[in-house]
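What's in model-v4.csv: CSV, C-alpha atoms
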chain,number,residue,atom,x,y,z
N,1,MET,CA,28.1,29.1,-118.5
N,2,PRO,CA,30.8,29.8,-115.9
N,3,SER,CA,33.3,27.1,-115.3
N,4,LYS,CA,34.9,26.1,-112.0
N,5,ARG,CA,38.2,26.5,-113.7
N,6,ARG,CA,37.7,30.3,-113.5
N,7,GLN,CA,38.5,29.9,-109.8
N,8,GLU,CA,41.9,28.3,-110.5
N,9,GLY,CA,45.1,30.2,-109.7
N,10,TYR,CA,48.5,29.4,-111.1
N,11,LEU,CA,51.7,28.1,-109.6
N,12,PHE,CA,55.0,28.2,-111.4
N,13,VAL,CA,58.2,26.6,-110.1
N,14,ASP,CA,61.2,26.8,-112.3
N,15,HIS,CA,64.3,24.6,-111.5
N,16,ARG,CA,65.5,24.2,-115.0
N,17,GLU,CA,68.8,25.9,-114.0
N,18,SER,CA,68.8,24.7,-110.4
N,19,PRO,CA,69.6,21.6,-108.4
N,20,GLY,CA,66.0,21.7,-107.2
N,21,LEU,CA,64.6,20.3,-104.0
N,22,PRO,CA,65.6,16.9,-102.5
N,23,PRO,CA,62.7,14.5,-102.0
N,24,ASP,CA,63.2,14.6,-98.3
N,25,ALA,CA,60.4,13.9,-96.0
N,26,ALA,CA,62.3,15.6,-93.2
N,27,LEU,CA,61.2,18.8,-94.9
N,28,MET,CA,57.6,18.2,-93.9
N,29,THR,CA,56.4,20.4,-91.1
N,30,PRO,CA,53.3,19.0,-89.3
N,31,GLY,CA,50.3,21.2,-89.8
N,32,LYS,CA,51.8,23.0,-92.8
N,33,PRO,CA,50.7,22.7,-96.4
N,34,SER,CA,52.7,20.0,-98.1
N,35,PRO,CA,55.9,21.2,-99.9
N,36,LEU,CA,55.9,20.6,-103.6
N,37,ILE,CA,59.1,18.8,-104.4
N,38,VAL,CA,60.3,19.9,-107.8
N,39,GLY,CA,63.6,18.3,-108.6
N,40,ARG,CA,66.7,19.1,-110.5
N,41,SER,CA,66.2,20.6,-114.0
N,42,ALA,CA,62.5,20.3,-113.6
N,43,MET,CA,59.8,22.9,-114.1
N,44,LEU,CA,56.2,22.8,-112.9
N,45,GLU,CA,53.2,24.7,-113.9
N,46,SER,CA,50.1,23.8,-111.9
N,47,ALA,CA,46.6,25.1,-111.2
N,48,THR,CA,45.8,26.0,-107.7
N,49,ILE,CA,42.5,26.6,-105.8
N,50,THR,CA,41.8,28.7,-102.8
N,51,CYS,CA,39.7,27.0,-100.2
N,52,SER,CA,36.5,29.0,-99.9
N,53,HIS,CA,36.3,28.3,-96.2
N,54,CYS,CA,39.8,28.6,-94.8
N,55,GLN,CA,41.8,30.3,-97.7
N,56,VAL,CA,44.4,27.6,-97.9
N,57,ILE,CA,45.9,27.3,-101.3
N,58,VAL,CA,45.6,23.8,-102.7
N,59,ILE,CA,48.0,22.8,-105.5
N,60,LEU,CA,46.1,20.5,-107.8
N,61,ASN,CA,47.6,17.1,-108.3
N,62,PRO,CA,46.8,16.0,-111.9
N,63,LEU,CA,47.1,12.4,-110.9
N,64,ARG,CA,44.4,12.5,-108.2
N,65,ASP,CA,41.3,10.5,-109.0
N,66,ARG,CA,39.3,11.2,-105.8
N,67,PRO,CA,36.7,13.9,-106.2
N,68,ARG,CA,37.8,17.3,-105.0
N,69,GLY,CA,36.1,19.1,-102.2
N,70,TYR,CA,33.3,21.3,-103.4
N,71,CYS,CA,30.8,23.4,-101.4
N,72,ALA,CA,27.5,23.8,-103.3
N,73,LYS,CA,26.4,26.7,-101.0
N,74,CYS,CA,29.6,28.7,-101.8
N,75,ASP,CA,29.7,27.3,-105.4
N,76,ALA,CA,33.4,27.0,-104.8
N,77,TYR,CA,36.2,24.6,-104.2
N,78,VAL,CA,37.2,23.7,-100.6
N,79,CYS,CA,40.3,21.9,-99.3
N,80,ASP,CA,40.5,18.4,-97.9
N,81,ASN,CA,40.2,19.5,-94.3
N,82,PRO,CA,37.3,17.6,-92.8
N,83,LEU,CA,36.0,20.8,-91.2
N,84,CYS,CA,35.9,22.6,-94.5
N,85,LEU,CA,34.2,19.6,-96.2
N,86,ARG,CA,31.6,19.2,-93.5
N,87,GLU,CA,30.2,22.6,-92.9
N,88,CYS,CA,29.8,25.8,-94.9
N,89,HIS,CA,31.6,28.7,-93.2
N,90,PRO,CA,32.6,31.0,-96.1
N,91,PHE,CA,35.6,33.1,-95.4
N,92,ALA,CA,33.9,35.9,-97.3
N,93,LYS,CA,31.1,35.8,-94.7
N,94,LEU,CA,33.6,36.0,-91.9
N,95,MET,CA,35.2,39.0,-93.5
N,96,ASP,CA,31.8,40.7,-93.9
N,97,ASP,CA,31.0,40.1,-90.3
N,98,ILE,CA,34.3,41.6,-89.1
N,99,CYS,CA,33.9,44.6,-91.3
N,100,GLU,CA,30.2,45.1,-90.3
N,101,ARG,CA,31.1,45.1,-86.7
N,102,ALA,CA,34.0,47.5,-87.2
N,103,ILE,CA,31.7,49.9,-89.2
N,104,ARG,CA,29.0,49.8,-86.5
N,105,GLY,CA,31.6,50.4,-83.8
N,106,GLN,CA,30.8,47.1,-82.1
N,107,GLU,CA,33.3,44.9,-80.3
N,108,PRO,CA,35.6,43.1,-82.6
N,109,LEU,CA,34.5,39.7,-83.6
N,110,VAL,CA,36.5,37.1,-81.8
N,111,VAL,CA,37.5,34.4,-84.3
N,112,GLN,CA,37.6,31.2,-82.3
N,113,SER,CA,39.6,29.3,-84.9
N,114,LEU,CA,40.0,28.7,-88.5
N,115,PRO,CA,40.3,25.1,-89.8
N,116,VAL,CA,43.8,23.8,-89.4
N,117,VAL,CA,45.6,22.2,-92.3
N,118,PRO,CA,45.8,18.4,-91.7
N,119,ASP,CA,49.2,16.7,-91.8
N,120,SER,CA,49.8,15.2,-95.2
N,121,GLU,CA,52.6,13.6,-97.2
N,122,PRO,CA,54.9,15.7,-99.4
N,123,ILE,CA,53.9,15.9,-103.0
N,124,VAL,CA,56.8,14.7,-105.2
N,125,VAL,CA,56.4,16.0,-108.7
N,126,PRO,CA,57.6,13.6,-111.4
N,127,SER,CA,60.5,15.2,-113.2
N,128,ILE,CA,59.3,17.2,-116.1
N,129,ILE,CA,62.5,17.7,-118.1
N,130,VAL,CA,62.3,20.6,-120.4
N,131,PRO,CA,64.7,20.2,-123.3
J,1,MET,CA,41.2,50.8,-105.3
J,2,ALA,CA,44.6,50.6,-106.8
J,3,LYS,CA,46.9,47.6,-106.9
J,4,TYR,CA,50.3,47.9,-105.4
J,5,SER,CA,53.6,46.0,-105.7
J,6,ALA,CA,55.5,45.4,-102.5
J,7,ASN,CA,59.0,44.3,-103.3
J,8,VAL,CA,62.4,43.8,-101.9
J,9,PRO,CA,65.2,43.4,-104.5
J,10,THR,CA,67.4,41.2,-102.3
J,11,TYR,CA,67.5,40.0,-98.8
J,12,SER,CA,68.8,37.1,-96.8
J,13,SER,CA,66.0,34.6,-96.3
J,14,VAL,CA,66.7,32.8,-93.0
J,15,GLY,CA,64.5,30.1,-91.6
J,16,VAL,CA,62.5,30.9,-88.5
J,17,ALA,CA,60.2,28.7,-86.4
J,18,ASP,CA,56.5,29.4,-86.0
J,19,THR,CA,55.5,31.8,-83.2
J,20,SER,CA,59.1,33.1,-83.0
J,21,ASN,CA,60.0,36.7,-83.7
J,22,PHE,CA,61.0,37.4,-87.2
J,23,THR,CA,64.4,39.1,-87.7
J,24,ASP,CA,64.4,42.4,-89.5
J,25,ALA,CA,65.0,42.3,-93.3
J,26,GLN,CA,64.6,38.5,-93.5
J,27,TYR,CA,60.9,38.4,-94.4
J,28,ILE,CA,58.1,40.4,-96.0
J,29,ALA,CA,54.8,41.1,-94.2
J,30,ILE,CA,51.7,42.8,-95.5
J,31,GLN,CA,49.4,44.3,-92.9
J,32,GLY,CA,45.9,45.6,-93.6
J,33,GLY,CA,44.7,49.2,-93.1
J,34,ALA,CA,41.6,50.2,-91.3
J,35,ALA,CA,39.5,47.8,-89.2
J,36,ALA,CA,36.9,47.6,-91.9
J,37,ALA,CA,39.3,47.4,-94.8
J,38,ARG,CA,40.1,44.3,-96.8
J,39,THR,CA,43.2,43.6,-98.7
J,40,ALA,CA,43.5,41.1,-101.5
J,41,ILE,CA,46.9,39.5,-102.2
J,42,SER,CA,46.9,38.3,-105.8
J,43,GLU,CA,50.5,37.4,-106.5
J,44,VAL,CA,53.6,36.2,-104.7
J,45,TYR,CA,56.9,35.8,-106.4
J,46,VAL,CA,60.3,34.6,-104.9
J,47,GLY,CA,63.4,34.5,-107.0
J,48,GLY,CA,66.5,32.8,-105.8
J,49,GLN,CA,69.8,34.6,-105.9
J,50,ALA,CA,72.1,32.1,-104.1
J,51,THR,CA,75.4,31.0,-105.4
J,52,SER,CA,75.2,27.5,-104.0
J,53,SER,CA,72.3,25.1,-103.3
J,54,ALA,CA,69.9,26.6,-100.8
J,55,PRO,CA,66.5,24.8,-100.5
J,56,GLN,CA,64.0,27.3,-99.2
J,57,TYR,CA,60.6,26.4,-97.7
J,58,ILE,CA,58.8,29.7,-98.1
J,59,LEU,CA,55.6,29.9,-96.2
J,60,VAL,CA,52.8,32.4,-97.0
J,61,ALA,CA,51.1,32.4,-93.7
J,62,ARG,CA,48.9,34.5,-91.4
J,63,ASP,CA,50.7,36.0,-88.4
J,64,SER,CA,49.6,35.3,-84.9
J,65,THR,CA,51.5,38.4,-83.7
J,66,VAL,CA,51.4,41.4,-86.0
J,67,GLY,CA,54.2,43.9,-86.4
J,68,ALA,CA,53.9,47.3,-84.8
J,69,THR,CA,55.7,50.6,-84.8
J,70,GLY,CA,58.1,51.7,-87.5
J,71,LEU,CA,56.9,49.5,-90.3
J,72,THR,CA,59.4,50.0,-93.1
J,73,GLY,CA,61.8,48.1,-95.3
J,74,VAL,CA,59.7,47.2,-98.3
J,75,ARG,CA,59.4,49.2,-101.5
J,76,THR,CA,55.8,49.8,-102.3
J,77,ALA,CA,54.7,51.2,-105.6
J,78,ALA,CA,51.2,51.7,-107.2
J,79,LEU,CA,50.8,49.7,-110.4
J,80,ASP,CA,48.6,52.5,-111.7
J,81,ALA,CA,50.6,55.7,-111.6
J,82,SER,CA,47.5,57.8,-111.2
J,83,ALA,CA,46.3,55.9,-108.1
J,84,ALA,CA,44.8,58.0,-105.4
J,85,GLY,CA,46.3,57.8,-101.9
J,86,ASN,CA,44.5,56.2,-99.0
J,87,THR,CA,44.5,57.6,-95.5
J,88,THR,CA,44.9,54.2,-93.9
J,89,PRO,CA,46.7,52.2,-96.5
J,90,THR,CA,47.8,48.6,-96.4
J,91,ILE,CA,51.5,48.5,-95.4
J,92,ALA,CA,54.2,46.1,-96.5
J,93,PHE,CA,57.2,45.9,-94.3
J,94,SER,CA,60.2,43.9,-93.3
J,95,THR,CA,61.5,46.0,-90.4
J,96,THR,CA,59.6,46.9,-87.3
J,97,THR,CA,60.0,47.4,-83.6
J,98,THR,CA,57.5,44.8,-82.5
J,99,LYS,CA,58.4,41.8,-84.5
J,100,PRO,CA,55.7,39.7,-86.2
J,101,GLN,CA,55.4,36.0,-85.6
J,102,ARG,CA,54.1,33.4,-88.0
J,103,SER,CA,51.0,31.5,-86.9
J,104,ALA,CA,51.6,27.9,-86.0
J,105,THR,CA,48.4,26.8,-87.7
J,106,LEU,CA,47.4,29.3,-90.4
J,107,SER,CA,49.9,28.6,-93.2
J,108,LEU,CA,48.2,29.2,-96.5
J,109,LEU,CA,50.8,28.2,-99.1
J,110,ASN,CA,54.1,26.5,-99.2
J,111,LEU,CA,56.3,27.8,-102.0
J,112,SER,CA,59.3,25.4,-101.7
J,113,PHE,CA,62.1,26.1,-104.1
J,114,ASN,CA,65.9,26.1,-104.4
J,115,ALA,CA,67.3,29.7,-104.2
J,116,PHE,CA,70.2,28.5,-106.3
J,117,GLY,CA,68.8,29.3,-109.7
J,118,GLY,CA,65.2,28.6,-108.9
J,119,ILE,CA,62.1,30.8,-109.0
J,120,VAL,CA,58.6,30.3,-107.7
J,121,ARG,CA,55.5,32.4,-108.5
J,122,TRP,CA,51.9,32.0,-107.5
J,123,VAL,CA,49.0,34.0,-109.0
J,124,ALA,CA,45.5,33.9,-107.8
J,125,ALA,CA,42.4,33.7,-109.9
J,126,PRO,CA,40.2,36.8,-109.7
J,127,GLY,CA,38.0,36.3,-106.7
J,128,SER,CA,40.2,33.7,-105.2
J,129,GLU,CA,42.9,36.0,-103.7
J,130,LEU,CA,44.2,35.7,-100.2
J,131,PHE,CA,42.4,38.3,-98.0
J,132,LEU,CA,43.4,40.3,-95.1
J,133,VAL,CA,40.8,42.0,-93.0
J,134,GLY,CA,41.6,44.8,-90.5
J,135,ALA,CA,45.1,45.1,-89.2
J,136,THR,CA,45.1,42.8,-86.1
J,137,ALA,CA,46.0,39.1,-85.6
J,138,SER,CA,45.3,36.7,-87.0
J,139,LEU,CA,43.5,37.9,-90.1
J,140,GLY,CA,45.1,41.3,-90.5
J,141,GLU,CA,48.6,40.3,-91.6
J,142,ILE,CA,50.2,37.8,-93.9
J,143,SER,CA,53.9,37.2,-94.1
J,144,ILE,CA,56.2,35.6,-96.7
J,145,SER,CA,59.0,33.9,-94.7
J,146,ALA,CA,61.2,30.8,-94.7
J,147,ALA,CA,60.3,27.9,-92.5
J,148,ALA,CA,62.8,26.7,-90.0
J,149,ALA,CA,64.2,23.8,-92.1
J,150,SER,CA,65.3,26.2,-94.8
J,151,THR,CA,68.9,26.8,-95.9
J,152,THR,CA,69.8,30.5,-95.7
J,153,GLY,CA,70.1,32.2,-99.0
J,154,PRO,CA,69.5,35.5,-100.7
J,155,VAL,CA,66.2,36.0,-102.5
J,156,GLY,CA,64.2,38.7,-104.1
J,157,THR,CA,60.5,38.9,-103.5
J,158,HIS,CA,57.5,40.8,-104.6
J,159,ALA,CA,53.8,40.6,-103.8
J,160,ILE,CA,50.9,42.3,-105.5
J,161,TYR,CA,48.0,43.4,-103.4
J,162,GLU,CA,44.9,45.6,-103.5
J,163,GLN,CA,43.0,47.3,-100.8
J,164,VAL,CA,39.3,46.7,-101.5

In structure tokens, how does this file's structure come out?
Amino acid sequence: MPSKRRQEGYLFVDHRESPGLPPDAALMTPGKPSPLIVGRSAMLESATITCSHCQVIVILNPLRDRPRGYCAKCDAYVCDNPLCLRECHPFAKLMDDICERAIRGQEPLVVQSLPVVPDSEPIVVPSIIVP
Amino acid sequence: MAKYSANVPTYSSVGVADTSNFTDAQYIAIQGGAAAARTAISEVYVGGQATSSAPQYILVARDSTVGATGLTGVRTAALDASAAGNTTPTIAFSTTTTKPQRSATLSLLNLSFNAFGGIVRWVAAPGSELFLVGATASLGEISISAAAASTTGPVGTHAIYEQV
């Protein structure tokens, strides 16, 4: 039986020989995915998911206890953006529509908008000291 | 189709604001091929080469203005040496006449790291890659570039993509 974990990507940040990133909220850019603060001498390996609706990459926080966004129609993870949680607009369908119109020689599909990443707090990873 | 590696061994990664022109040789962009072609990006790697602390806020983002004319500057190699050529291939570039601009809203991934001794790598699960479609804004081009708050530093980058 397929597992949702088959949809998980992989993120690796290695600061074992580096001063790492300062836990500085000034680094936050409104509307951008949260930076992952991996500090001095730390290393992070994390699963990621790709939102089925907007393609934003979500770095999974292992300490999260709220349920993750999931679209039963896509059978895939979605991000926490309210637009992605509320309605099913698969990115794959959007791509199919664009390609179909191009193949038929029709006017290009005008994409009104894609969901915008909501502002959020930076994620500070607890130092994982590798001996 | 075949997978390709787009890579630049070393370049100076300089922070740039959204919707501002990139500067040649300070970013990497991947632009789709034909209007009905899709490109899947399955891996992004950035390795720091700085000799002093240089926090970098690397954004993998869609471009609201795509590059045009003279797209060069990135080494592109087929991972399978027997790969057949494509008449309208996906192009990776870092130098162009019309400069690309990062979208202010369509950032997909934040690969923050320190270019002094740090590396960062993201790999997609099969079927969960980042997709380009066509070659026009905003879905036809993705760039790997430093956000404005970054400290300038040398990095090396590669991305693996496949035109599907």

In Å to one decimal, how far is CA of Ala6 (chain J) from CA of Phe113 (chain J)? 20.5 Å

Counting only C-alpha atoms, figure out which residue out of J:Val164, J:Ala61, J:Leu111, J:Ala147 gets nearest to Val46 (chain J).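 When distances to Val46 (chain J) are compared using only C-alpha atoms, the smallest one comes from J:Leu111.
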
Within 9 Å of Arg121 (chain J), counting all atoms listed in the file, which residues show up once you throw out same-chain ones fewer than 2 positions away? Write them as a count of residues only, please. 13

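Set the cut-off at 6 Å, count all atoms listed in the file, and the residues of chain N near chain J turn out to be Gln7, Glu8, Gly9, Tyr10, Leu11, Phe12, Val13, Asp14, His15, Glu17, Ser18, Gly20, Leu21, Lys32, Pro33, Pro35, Thr50, Val56, Ile57, Cys99, Ala102 and Val116 of chain N.
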
Find the distance between CA of Arg66 (chain N) and CA of Ser46 (chain N) and write it in Å to one decimal. 17.7 Å

Please return, as a PDB file with C-alpha atoms, in the coordinates of the input, all polymer residues that have at least one atom within 8 Å of the point (73.8, 29.8, -91.3); use only C-alpha atoms and the file's own coordinate frame.
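In the end it all went to result06.pdb:
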ATOM      1  CA  VAL J  14      66.700  32.800 -93.000  1.00  0.00           C
ATOM      2  CA  THR J 151      68.900  26.800 -95.900  1.00  0.00           C
ATOM      3  CA  THR J 152      69.800  30.500 -95.700  1.00  0.00           C
TER       4      THR J 152
END

Considering all atoms listed in the file, return as a list in words whatever protein or nucleic-acid residues lie within 6 Å of Ile28 (chain J), sequence-local ones (same chain, fewer than 2 positions apart) excluded.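 Here the qualifying residues turn out to be Phe93, Ser94, Ser143 and Ile144 of chain J.
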
File dump, residues just selected, C-alpha atoms, as a CSV table (one decimal), in the coordinates of the input:
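Done, and the output landed in result_10.csv:
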chain,number,residue,atom,x,y,z
J,93,PHE,CA,57.2,45.9,-94.3
J,94,SER,CA,60.2,43.9,-93.3
J,143,SER,CA,53.9,37.2,-94.1
J,144,ILE,CA,56.2,35.6,-96.7

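CA of Pro154 (chain J) sits 25.3 Å away from CA of Ala78 (chain J).
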
Please identify all polymer residues within 7 Å of Tyr11 (chain J), counting only C-alpha atoms, omitting same-chain residues fewer than 3 positions from it, and present them as an mmCIF file with C-alpha atoms, keeping the file's coordinate frame.
data_model
loop_
_atom_site.group_PDB
_atom_site.id
_atom_site.type_symbol
_atom_site.label_atom_id
_atom_site.label_comp_id
_atom_site.auth_asym_id
_atom_site.auth_seq_id
_atom_site.Cartn_x
_atom_site.Cartn_y
_atom_site.Cartn_z
ATOM 1 C CA ALA J 25 65.000 42.300 -93.300
ATOM 2 C CA GLN J 26 64.600 38.500 -93.500
ATOM 3 C CA PRO J 154 69.500 35.500 -100.700
ATOM 4 C CA VAL J 155 66.200 36.000 -102.500
ATOM 5 C CA GLY J 156 64.200 38.700 -104.100
#

I need the residue nearest Arg68 (chain N) from this list: N:Asp97, N:Gln55, N:Lys4, N:Pro108. Use only C-alpha atoms for the distance. N:Lys4

Pick out the closest residue to Ile30 (chain J) from this set: J:Ala159, J:Ala83, J:Ala135, J:Ala92. Count all atoms listed in the file.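 Among the listed residues, the smallest separation from Ile30 (chain J) belongs to J:Ala92.
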